[in-house]
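*Asks:* Can you read through this structure? Questions will come right after.
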Amino acid sequence: MSNIVVDKSKVPWWVSNVIVPLVNLSLALLVSGLFVFIAGENPIEAVKLIIYGSFGYIQGFAYTLYYTTNFIFTGLAFAVAFHCRLFNIGGEGQAYIGGLGVFLVAINLSFLPVPIVWLLAIFGAFLFGAAWAYIPAYLQSKRGSHVVITTIMFNFIASSLMIFLLVDVIRDTNQMAPHTVKLPEEIWLPSFEAFSGILGIKIRYSPLNLTFLLAIASLFFVWFLVWKTKWGYEMRAVGHNTQAAIYAGISPHKNIIIAMCISGGLAGLLGVNEILGVSHKIQAGFPAGYGFTGIAVALMGRNHPIGILPAAFLFGILYQGGSEVTFEMPNITRYMFVAVQGLIILFSGALENLFRPQIESFIVRRLNREVNV
Amino acid sequence: MEFLSDIASLINSTLRISTPLVFAAMAGIFAERSGVIDFSLEGKMLMAAFVAAVGSYYLGNPWLGLLLAIIVCVCLSMLHGFASVTHKGDQVVSCVAINILIIGLTTALAAAWFGQAGLTPTLNEDQRFLEIHLPFADALRDIPVIGTLYSDILSGHYVFVYLAYLSVPLVFWIVFKTSFGLRLRAVGENPSAVDTAGINVFTMRYKALAINGVLIAFAGAHLSTAVNANFFREMSAGRGYLALAAMIFGKWHPKTALIACLLFGFTDALQIRLQGVELPAIGEIPVQLIQALPYILTVVLLAGFVGKAIAPNAIGQPYIKER
């Protein structure tokens, strides 16, 4: 379509990794502003509310980081599978089942000393999430059933299964609502207010807890795994060119399974934050769309941990600031922010090349002029 | 006789429930035969349902609502084409973006405009499609077999049900018996050969996507202005994905896709029947597991227990014209 041809080797790294993503993000946010306007509210006021809600007071900021934690997990989950060219859009279901893993381990082993039960619960979350991703992975690699459809179906199936378990099997029988009993208080993950209490800052309540550090550790884990190990190399090779990988003796089957299981496991870790850290029980529908947001986070972060961290933080701001907006503006519901996610995926994923040739040639010309003068 | 009328009503609801799946599967055949993956059937169906409901509420005529839905769905298909055909973006990412955008946008706008959480106002009889009773349906009801077949199964459906089943032979004819269909299939199999023959690959793919938009709009309008009298949040409930699975199971062919759609429809009709029923030997099956049946069936069918599905050769690859 565009006739601009740019010599790729002359384009500085920061153009495609910083400038172009920022331009795409701004486009997505501009269109979002238009939607806010159509819904009958002032977009500039909405931005002010978002900034106040996510940075304006310490509790709001803690909420922002709490959402960031969830988005790091689901963003990494999507990114790992994506490096093997697999679209794992089943993060929602894997997180749900991962939550079951945390709860089952924690409630049955709560007699163990605290750090051990935490580690085992994290392991349980990872294992359950991975197991839920294993079946679509197997079907993709052995039967060629497209992973997008199977993972979506597994979201629906996970939701049915969990409602069944919550209603008929593990429901707290003293309550009417479908949720489990609370975990014993000794094994709850320490929250941010406990820390800030030591530092002498008093805040009422915040869901931010120790899982945030686990999320940061996961960023390093994924970076190391994908770029510094043989596994990661093989996984990327399969994703990049399956035929070439086969000639090099790399098994696509093995790598599809590994990539999807790690991806599912990372999504499952969301359960650690939600169950061991915040609500201490399984509630119906607790993944609340975080799994889908992970897609936007990963694509915006260009599927690299260094990009995913700021992207997850941005979505944390949007979520926390967004709840401030929905509180103040009656015409805006939280679904407006689901639409914003869609726009971000569209502009930084599918339409990422919209203005890339123009931007690249503009900057290359500018740089050349400086060199010549 | 009780048994016979049970069967008749089961077939009747199968035909009704399969309708949006049939439209969506036919829409999918056009896109995918031309080489463009279309997971966004789900989102477009949801958008069509929303636009049709809002349109007929304000304009007072369900046909105008349908027309608006067609326009909007064609626009969404064009957006998918703009991203994945013109700009060679990733087709699956483009579809996921459209689906998530629509889930959010429809619910947010319904809440902003009508003040209810993701609901549009209930349509009255003038604003929605009504069941069509074929002539002499009442008179013929008492005749055995023919009466059941004509009055209980064929008569009394919404206009979309008839249109859906009529669309199948039409799609078959267009795709397999016309020169347009030949080009369409060629573009999906070997775009560079088609390009050599002097046919514009991009134009063909855009045309296919436009037809895709028209067809999927019918599926959405069926949901919100015929079987239901309003739009509600995420009312498409995965039907777009089910239809796509049916299409793959039907090997990108209208006739076999129709059979797969009917199978899904039947499972769903049966699922509604089975709720709360005591089965011999098994007992009562938990309602949540019954509701998951269509989704489990999708996974099972896709796993290909009837042979591997072969997609159009060039599917998912943007066409790059060499300079």
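Each chain in the structure tokens gets a letter, A, B, ..., in the order shown, and its residues are numbered from 1; ligands are numbered from 1 in order too.
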Counting only C-alpha atoms, what are the residues of chain B within 6 Å of chain A, and for each of them which pair of atoms is the nearest and at what distance in Å, to one decimal? Sort the table by chain and rising number, as JSON lines.
*Replies:*
{"residue": "B:Ala83", "atom": "CA", "partner": "A:Leu351", "partner_atom": "CA", "distance": 5.3}
{"residue": "B:Gly89", "atom": "CA", "partner": "A:Ala350", "partner_atom": "CA", "distance": 4.5}
{"residue": "B:Asp90", "atom": "CA", "partner": "A:Ala350", "partner_atom": "CA", "distance": 5.3}
{"residue": "B:Val93", "atom": "CA", "partner": "A:Ala350", "partner_atom": "CA", "distance": 5.5}
{"residue": "B:Ser94", "atom": "CA", "partner": "A:Ala350", "partner_atom": "CA", "distance": 4.8}
{"residue": "B:Ala97", "atom": "CA", "partner": "A:Gly342", "partner_atom": "CA", "distance": 4.6}
{"residue": "B:Ile100", "atom": "CA", "partner": "A:Gly342", "partner_atom": "CA", "distance": 4.8}
{"residue": "B:Leu101", "atom": "CA", "partner": "A:Gly342", "partner_atom": "CA", "distance": 3.9}
{"residue": "B:Gly104", "atom": "CA", "partner": "A:Ala339", "partner_atom": "CA", "distance": 4.2}
{"residue": "B:Leu105", "atom": "CA", "partner": "A:Ala339", "partner_atom": "CA", "distance": 5.1}
{"residue": "B:Ala108", "atom": "CA", "partner": "A:Tyr335", "partner_atom": "CA", "distance": 5.1}
{"residue": "B:Ala112", "atom": "CA", "partner": "A:Asn331", "partner_atom": "CA", "distance": 4.4}
{"residue": "B:Gln288", "atom": "CA", "partner": "A:Ser160", "partner_atom": "CA", "distance": 5.2}
{"residue": "B:Ala292", "atom": "CA", "partner": "A:Ile157", "partner_atom": "CA", "distance": 5.7}
{"residue": "B:Tyr295", "atom": "CA", "partner": "A:Met153", "partner_atom": "CA", "distance": 5.4}
{"residue": "B:Val299", "atom": "CA", "partner": "A:Thr150", "partner_atom": "CA", "distance": 5.9}
{"residue": "B:Leu302", "atom": "CA", "partner": "A:Ser145", "partner_atom": "CA", "distance": 5.3}
{"residue": "B:Ala303", "atom": "CA", "partner": "A:Arg143", "partner_atom": "CA", "distance": 5.5}
*Asks:* Which residue gives the smallest distance to Ile272 of chain B among B:Ile199, B:Ile296, B:Leu10, B:Leu170, with only C-alpha atoms counted?
*Replies:*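 Closest residue, counting only C-alpha atoms: B:Leu10.
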*Asks:* Can you list, as an MDAnalysis selection string, all residues belonging to segment 173-320 of chain B that DSSP tags as helix (DSSP H, G or I)?
*Replies:* chainID B and resid 173:177 179:189 191:196 201:227 239:249 254:274 287:291 293:302
*Asks:* Residues near Asn124 of chain B, anyone? I mean within 10 Å using only C-alpha atoms, not counting same-chain ones fewer than 4 positions away, as an MDAnalysis selection string.
*Replies:* chainID B and resid 56:57 60 128:129 225 229:230
*Asks:* With a distance cut-off of 12 Å and only C-alpha atoms, select the neighbouring residues of Pro207 of chain A, excluding the residue or stretch itself and same-chain residues fewer than 3 positions from it, and output the selection as a ChimeraX atom specification.
*Replies:* /A:59-70,188-194,203-204,210-212,273-280,320
*Asks:* What separation in Å, quoted to one decimal, exists between atom CA of Val36 of chain B and atom CA of Ser18 of chain B?
*Replies:*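 Computing it gives 24.0 Å between the two atoms.
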*Asks:* Enter the distance from atom CA of Ala260 of chain B to atom CA of Gln94 of chain A, in Å, rounded to one decimal.
*Replies:*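 If I compute the distance from atom CA of Ala260 of chain B to atom CA of Gln94 of chain A, I get 28.0 Å.
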*Asks:* Excluding Leu49 of chain A and residues on its chain fewer than 3 positions from it, collect all residues at most 12 Å away from it, counting only C-alpha atoms, and give them as a list of chain:residue names.
*Replies:*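 Returned residues: A:Asn42, A:Pro43, A:Ile44, A:Glu45, A:Ala46, A:Tyr52, A:Gly53, A:Ser54, A:Phe55, A:Gly56, A:Gly60, A:Ile317, A:Leu318, A:Tyr319, A:Gln320, A:Gly321, A:Gly322, A:Ser323, A:Glu324, A:Val325, A:Thr326, A:Phe327, A:Glu328, A:Met329.
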*Asks:* For the selection you just gave me, I'd like the residues written to a file as a compact mmCIF listing (two decimals), in the first residue's frame, keeping C-alpha atoms.
*Replies:*
# COMPACT_ATOMS: atom_id res chain seq x y z
CA ASN A 42 -16.02 15.04 28.78
CA PRO A 43 -12.85 13.06 27.87
CA ILE A 44 -10.49 15.64 29.39
CA GLU A 45 -12.30 15.48 32.72
CA ALA A 46 -12.07 11.67 32.48
CA TYR A 52 -6.12 11.57 40.37
CA GLY A 53 -7.58 8.13 41.03
CA SER A 54 -4.38 6.26 40.32
CA PHE A 55 -1.74 8.66 41.71
CA GLY A 56 -3.61 11.24 43.76
CA GLY A 60 -5.23 4.72 45.07
CA ILE A 317 -3.61 3.16 36.01
CA LEU A 318 -6.50 2.70 33.58
CA TYR A 319 -8.24 0.20 35.88
CA GLN A 320 -7.79 2.09 39.13
CA GLY A 321 -8.32 5.52 37.57
CA GLY A 322 -11.18 4.00 35.62
CA SER A 323 -13.02 2.99 38.76
CA GLU A 324 -12.70 6.62 39.89
CA VAL A 325 -14.24 7.67 36.57
CA THR A 326 -17.14 5.23 36.80
CA PHE A 327 -17.78 6.51 40.32
CA GLU A 328 -17.88 10.16 39.25
CA MET A 329 -19.36 9.86 35.75
